$ cat structure_30.txt   # compact mmCIF, C-alpha atoms
# COMPACT_ATOMS: atom_id res chain seq x y z
CA ALA A 1 -33.34 37.74 -15.72
CA GLU A 2 -33.22 36.59 -12.11
CA LYS A 3 -31.44 33.40 -13.16
CA HIS A 4 -29.02 35.47 -15.22
CA GLU A 5 -28.26 37.76 -12.25
CA GLY A 6 -27.69 34.74 -10.05
CA TRP A 7 -25.29 33.23 -12.57
CA LEU A 8 -23.37 36.53 -12.77
CA LYS A 9 -23.19 36.73 -8.99
CA GLU A 10 -21.80 33.19 -8.70
CA ALA A 11 -19.37 33.84 -11.52
CA ARG A 12 -17.75 36.69 -9.62
CA ILE A 13 -14.83 35.59 -7.45
CA GLY A 14 -15.75 35.33 -3.80
CA GLU A 15 -19.51 35.51 -4.30
CA HIS A 16 -20.13 31.80 -4.84
CA THR A 17 -21.07 29.83 -1.73
CA PRO A 18 -19.55 26.33 -1.92
CA GLU A 19 -22.06 23.54 -1.40
CA THR A 20 -20.04 22.33 1.57
CA GLU A 21 -20.63 25.65 3.32
CA GLU A 22 -24.20 26.00 2.10
CA TYR A 23 -25.16 22.66 3.65
CA GLY A 24 -22.93 23.02 6.69
CA ILE A 25 -20.47 20.30 5.64
CA SER A 26 -17.04 20.69 7.19
CA SER A 27 -14.11 18.64 8.43
CA PHE A 28 -11.36 18.84 10.99
CA THR A 29 -8.40 16.77 12.10
CA TYR A 30 -8.16 15.43 15.63
CA ARG A 31 -4.63 14.90 16.92
CA ALA A 32 -3.28 13.73 20.26
CA PHE A 33 -0.01 12.32 21.58
CA ARG A 34 -1.24 9.87 24.19
CA PRO A 35 -2.73 6.40 23.55
CA PHE A 36 -6.44 5.64 23.62
CA HIS A 37 -7.70 3.56 26.52
CA PRO A 38 -9.37 0.61 24.74
CA VAL A 39 -12.50 0.50 26.91
CA ARG A 40 -13.22 4.22 26.76
CA LEU A 41 -12.54 4.28 23.02
CA ALA A 42 -14.89 1.34 22.46
CA GLN A 43 -17.61 3.19 24.36
CA ALA A 44 -17.07 6.33 22.29
CA LEU A 45 -17.25 4.29 19.09
CA ASP A 46 -20.56 2.84 20.27
CA SER A 47 -21.83 6.42 20.49
CA LEU A 48 -20.42 7.20 17.06
CA GLN A 49 -22.14 4.18 15.54
CA ALA A 50 -25.42 5.06 17.27
CA GLN A 51 -25.04 8.64 16.01
CA SER A 52 -25.60 9.99 19.51
CA ALA A 53 -24.17 13.25 20.83
CA PRO A 54 -21.65 14.63 20.18
CA PHE A 55 -21.22 12.38 17.12
CA SER A 56 -24.75 12.74 15.74
CA LYS A 57 -23.67 14.81 12.73
CA VAL A 58 -20.54 12.83 11.81
CA LEU A 59 -20.81 11.42 8.28
CA ARG A 60 -17.37 9.94 7.75
CA ALA A 61 -14.08 9.57 9.59
CA LYS A 62 -10.73 8.09 8.67
CA GLY A 63 -7.22 8.02 10.05
CA PHE A 64 -4.99 6.07 12.37
CA LEU A 65 -5.12 5.30 16.07
CA TRP A 66 -2.65 4.52 18.81
CA LEU A 67 -4.18 1.95 21.15
CA GLY A 68 -2.56 1.69 24.55
CA HIS A 69 -2.82 -2.10 24.77
CA ALA A 70 -1.40 -2.71 21.27
CA PRO A 71 1.37 -0.14 20.89
CA GLN A 72 3.43 -1.83 18.19
CA LEU A 73 1.01 -1.24 15.31
CA GLN A 74 -0.96 1.66 13.95
CA GLY A 75 -4.70 1.15 14.04
CA ASP A 76 -6.23 1.98 10.65
CA PHE A 77 -9.66 3.45 11.37
CA SER A 78 -12.60 4.20 9.09
CA PHE A 79 -16.24 5.12 9.66
CA ALA A 80 -19.04 5.51 7.11
CA GLY A 81 -22.70 4.61 6.93
CA GLN A 82 -22.94 4.06 10.71
CA HIS A 83 -20.30 1.34 10.62
CA TYR A 84 -16.69 1.53 11.73
CA ALA A 85 -13.70 -0.71 11.22
CA ILE A 86 -10.31 -0.88 12.93
CA LEU A 87 -7.50 -2.85 11.33
CA PRO A 88 -3.97 -3.48 12.57
CA GLY A 89 -1.84 -1.38 10.23
CA ASN A 90 1.88 -0.91 9.72
CA PRO A 91 4.31 -0.78 12.63
CA TRP A 92 5.07 2.64 14.04
CA TRP A 93 8.51 3.79 12.94
CA ALA A 94 9.47 3.89 16.62
CA GLU A 95 9.17 0.08 16.55
CA ILE A 96 11.73 -0.30 13.75
CA ASP A 97 15.46 -0.08 14.20
CA LYS A 98 16.73 3.15 12.65
CA ALA A 99 19.28 1.12 10.71
CA ASP A 100 16.33 -0.18 8.69
CA TRP A 101 14.79 3.25 8.04
CA PRO A 102 14.89 4.52 4.45
CA PRO A 103 17.24 7.44 3.70
CA GLY A 104 15.86 10.82 4.71
CA LEU A 105 13.10 9.43 6.92
CA GLU A 106 14.58 10.67 10.20
CA GLU A 107 14.57 14.26 8.96
CA ASN A 108 11.12 13.97 7.41
CA ILE A 109 9.58 12.39 10.48
CA ALA A 110 11.12 14.83 12.97
CA PRO A 111 7.99 17.06 13.25
CA LEU A 112 5.96 13.98 14.22
CA TRP A 113 8.44 12.64 16.76
CA HIS A 114 7.63 13.05 20.45
CA GLU A 115 9.75 11.34 23.10
CA PRO A 116 9.43 8.88 24.68
CA TYR A 117 6.80 7.50 22.29
CA GLY A 118 8.32 8.39 18.93
CA ASP A 119 5.81 8.79 16.09
CA ARG A 120 2.90 7.19 17.95
CA GLN A 121 -0.10 9.52 17.88
CA GLN A 122 -3.77 9.90 17.05
CA GLU A 123 -4.75 11.47 13.73
CA LEU A 124 -8.38 11.31 12.64
CA VAL A 125 -10.05 13.34 9.90
CA ILE A 126 -13.72 13.81 10.79
CA ILE A 127 -16.29 14.97 8.24
CA GLY A 128 -19.85 15.94 8.99
CA GLN A 129 -22.67 18.43 8.90
CA GLU A 130 -22.79 21.19 11.50
CA LEU A 131 -20.17 19.36 13.55
CA GLN A 132 -19.82 20.01 17.27
CA LYS A 133 -16.06 20.13 16.89
CA ASP A 134 -15.15 21.16 20.43
CA ALA A 135 -17.47 18.56 21.94
CA ILE A 136 -16.09 15.84 19.67
CA ARG A 137 -12.52 16.78 20.56
CA GLN A 138 -13.41 16.64 24.26
CA ALA A 139 -15.12 13.26 23.87
CA LEU A 140 -12.03 11.84 22.17
CA ASP A 141 -9.71 13.48 24.72
CA ASP A 142 -11.70 11.69 27.42
CA CYS A 143 -10.76 8.39 25.76
CA LEU A 144 -7.03 9.01 26.10
CA CYS A 145 -5.02 7.28 28.78
CA THR A 146 -4.29 9.55 31.70
CA GLU A 147 -0.75 10.28 32.80
CA GLU A 148 -1.39 8.01 35.79
CA GLU A 149 -2.59 5.15 33.59
CA CYS A 150 0.48 5.48 31.40
CA LYS A 151 2.61 4.77 34.46
CA LEU A 152 0.76 1.52 35.18
CA PRO A 153 1.10 -1.82 33.40
CA VAL A 154 -1.65 -2.38 30.87
CA GLU A 155 -3.05 -5.25 32.94
CA ALA A 156 -3.94 -2.76 35.69
CA TRP A 157 -6.44 -0.94 33.48
CA GLY A 158 -9.04 -3.70 33.77
CA SER A 159 -9.61 -3.39 30.05
CA ARG A 160 -9.46 -7.07 29.10
CA THR A 161 -12.40 -8.13 31.29
CA GLU A 162 -14.63 -5.28 30.14
CA LEU A 163 -13.80 -5.75 26.48
CA GLU A 164 -14.25 -9.52 26.64
CA ALA A 165 -17.74 -8.91 27.99
CA ARG A 166 -18.62 -7.00 24.80
CA LYS A 167 -18.36 -10.14 22.63
CA ASP A 168 -18.17 -8.00 19.49
CA GLY A 169 -14.64 -8.75 18.36
CA PHE A 170 -13.18 -5.43 19.50
CA LEU A 171 -10.66 -7.11 21.79
CA ASP A 172 -9.86 -10.31 19.90
CA LEU A 173 -8.11 -8.62 17.00
CA TRP A 174 -5.99 -6.42 19.16
CA ILE A 175 -4.91 -9.05 21.65
CA ALA A 176 -3.65 -11.02 18.66
CA ALA A 177 -2.06 -7.91 17.20
CA ALA A 178 -0.36 -7.11 20.50
CA ASP A 179 1.17 -10.59 20.40
CA MET A 180 2.12 -9.95 16.76
CA ARG A 181 0.47 -13.20 15.68
CA VAL A 182 -1.76 -11.77 12.95
CA VAL A 183 0.78 -9.56 11.21
CA LYS A 184 0.96 -11.00 7.71
CA SER A 185 2.22 -9.70 4.43
CA SER A 186 2.28 -10.95 0.89
CA GLY A 187 5.58 -10.56 -0.91
CA VAL A 188 7.10 -8.30 1.76
CA ASP A 189 10.26 -9.02 3.71
CA HIS A 190 9.88 -9.53 7.44
CA HIS A 191 12.41 -8.22 9.93
CA SER A 192 12.88 -9.09 13.55
CA HIS A 193 13.73 -6.37 16.06
CA ASP A 194 14.53 -6.21 19.74
CA HIS A 195 12.70 -3.41 21.54
CA ASP A 196 13.44 -1.47 24.69
CA HIS A 197 10.27 0.54 25.29
CA HIS A 198 9.98 3.62 27.44
CA GLY A 199 6.87 3.85 29.58
CA ASN A 200 4.19 1.27 30.23
CA CYS A 201 1.94 2.64 27.48
CA VAL A 202 4.31 1.11 24.95
CA GLN A 203 5.57 -1.87 26.91
CA GLU A 204 4.75 -5.46 25.99
CA GLU A 205 6.10 -8.75 27.32
CA SER A 206 7.83 -10.00 24.19
CA ASP A 207 11.45 -10.30 23.18
CA HIS A 208 11.05 -10.37 19.41
CA HIS A 209 8.39 -9.09 17.03
CA ASN A 210 8.11 -9.57 13.29
CA HIS A 211 7.32 -6.40 11.35
CA SER A 212 6.43 -5.86 7.72
CA HIS A 213 7.30 -2.52 6.20
CA GLY A 214 4.91 -2.38 3.27
CA HIS A 215 1.21 -1.86 2.74
CA GLY A 216 -1.37 -4.40 1.73
CA HIS A 217 -1.30 -6.53 4.90
CA ASP A 218 -3.75 -9.42 5.01
CA HIS A 219 -5.62 -9.20 8.30
CA HIS A 220 -8.76 -10.53 9.83
CA HIS A 221 -10.52 -7.41 11.03
CA ALA A 222 -13.12 -6.27 13.50
CA SER A 223 -15.86 -4.04 12.26
CA ARG A 224 -19.14 -2.79 13.56

$ encode --input "structure_30.txt" --output "structure tokens"
Amino acid sequence: AEKHEGWLKEARIGEHTPETEEYGISSFTYRAFRPFHPVRLAQALDSLQAQSAPFSKVLRAKGFLWLGHAPQLQGDFSFAGQHYAILPGNPWWAEIDKADWPPGLEENIAPLWHEPYGDRQQELVIIGQELQKDAIRQALDDCLCTEEECKLPVEAWGSRTELEARKDGFLDLWIAAADMRVVKSSGVDHHSHDHDHHGNCVQEESDHHNHSHGHGHDHHHASR
């Protein structure tokens, strides 16, 4: 009878407790419109991998990153099983001449567009159990470049020396990506664009970059 009453209770709309709520599983999306400082982000990812506060209850995370020292490409990010990976993804649309945009894109992308950086942004979906959401947001906010840093050339951040000292591959991939040497694609047309960037957070010393507009890039990747 008790089992029958329980079944009836769960069968009634609104009286069933989803397993995600019962076990404290939840998710949220972190968004920001400034680039991540590579050193501070690397330190935060060390904490994530070690499952130390405030990331101790994070189970999975996925999304894309904007790294201040490699502003041409999205960073495809994933975390699961105490391991994370960051891959150079597609170019931001701000990197591609609007003449090459597909029809309707400008209207569709308008809500995501923020001058002077275009569609560059952070968007991470974080899943976990009894998440400390505010603390996680603050920890990620602390990784963002400050307004002052965005006014300086990337070389002034001192990030290369600190990241080279890590010897874990975090820097190697992104230095190559910043130089656009590892951007490869199979069966996708490549286009060359001239860029006039606004602000040092998106400025690189290069006259021409090759971009591929499809998915399925073949990259060497850094993972932890």

$ residues_around --input "structure_30.txt" --residues "Ala110 of chain A" --least-positions-apart "5" --cutoff "12 Å" --atoms "all atoms listed in the file" --output "NGL selection string"
:A and (93-94 or 104-105 or 115 or 118-119)

$ closest_residue --input "structure_30.txt" --among "A:His69, A:Arg120, A:Lys133, A:Gly24" --to "Val154 of chain A" --atoms "all atoms listed in the file"
A:His69

$ residues_around --input "structure_30.txt" --residues "segment 40-47 of chain A" --least-positions-apart "2" --cutoff "10 Å" --atoms "all atoms listed in the file" --output "ChimeraX atom specification"
/A:36-38,49-56,67,79,82-85,136,139-145,159,163,166,170-171,224

$ axis_aligned_box --input "structure_30.txt" --around "segment 146-151 of chain A" --padding-each-side "5 Å" --output "AutoDock Vina command-line options"
--center_x -0.8 --center_y 7.5 --center_z 33.6 --size_x 16.9 --size_y 15.5 --size_z 14.4

$ closest_residue --input "structure_30.txt" --among "A:Glu123, A:Lys57, A:Pro91, A:Phe33" --to "Pro71 of chain A" --atoms "all atoms listed in the file"
A:Pro91

$ closest_residue --input "structure_30.txt" --among "A:Ile109, A:Leu65, A:Leu48, A:Leu152" --to "Pro88 of chain A" --atoms "only C-alpha atoms"
A:Leu65

$ atom_distance --input "structure_30.txt" --atom1 "atom CA of Gln122 of chain A" --atom2 "atom CA of Arg137 of chain A"
11.7 Å

$ atom_distance --input "structure_30.txt" --atom1 "atom CA of Phe28 of chain A" --atom2 "atom CA of Gly128 of chain A"
9.2 Å
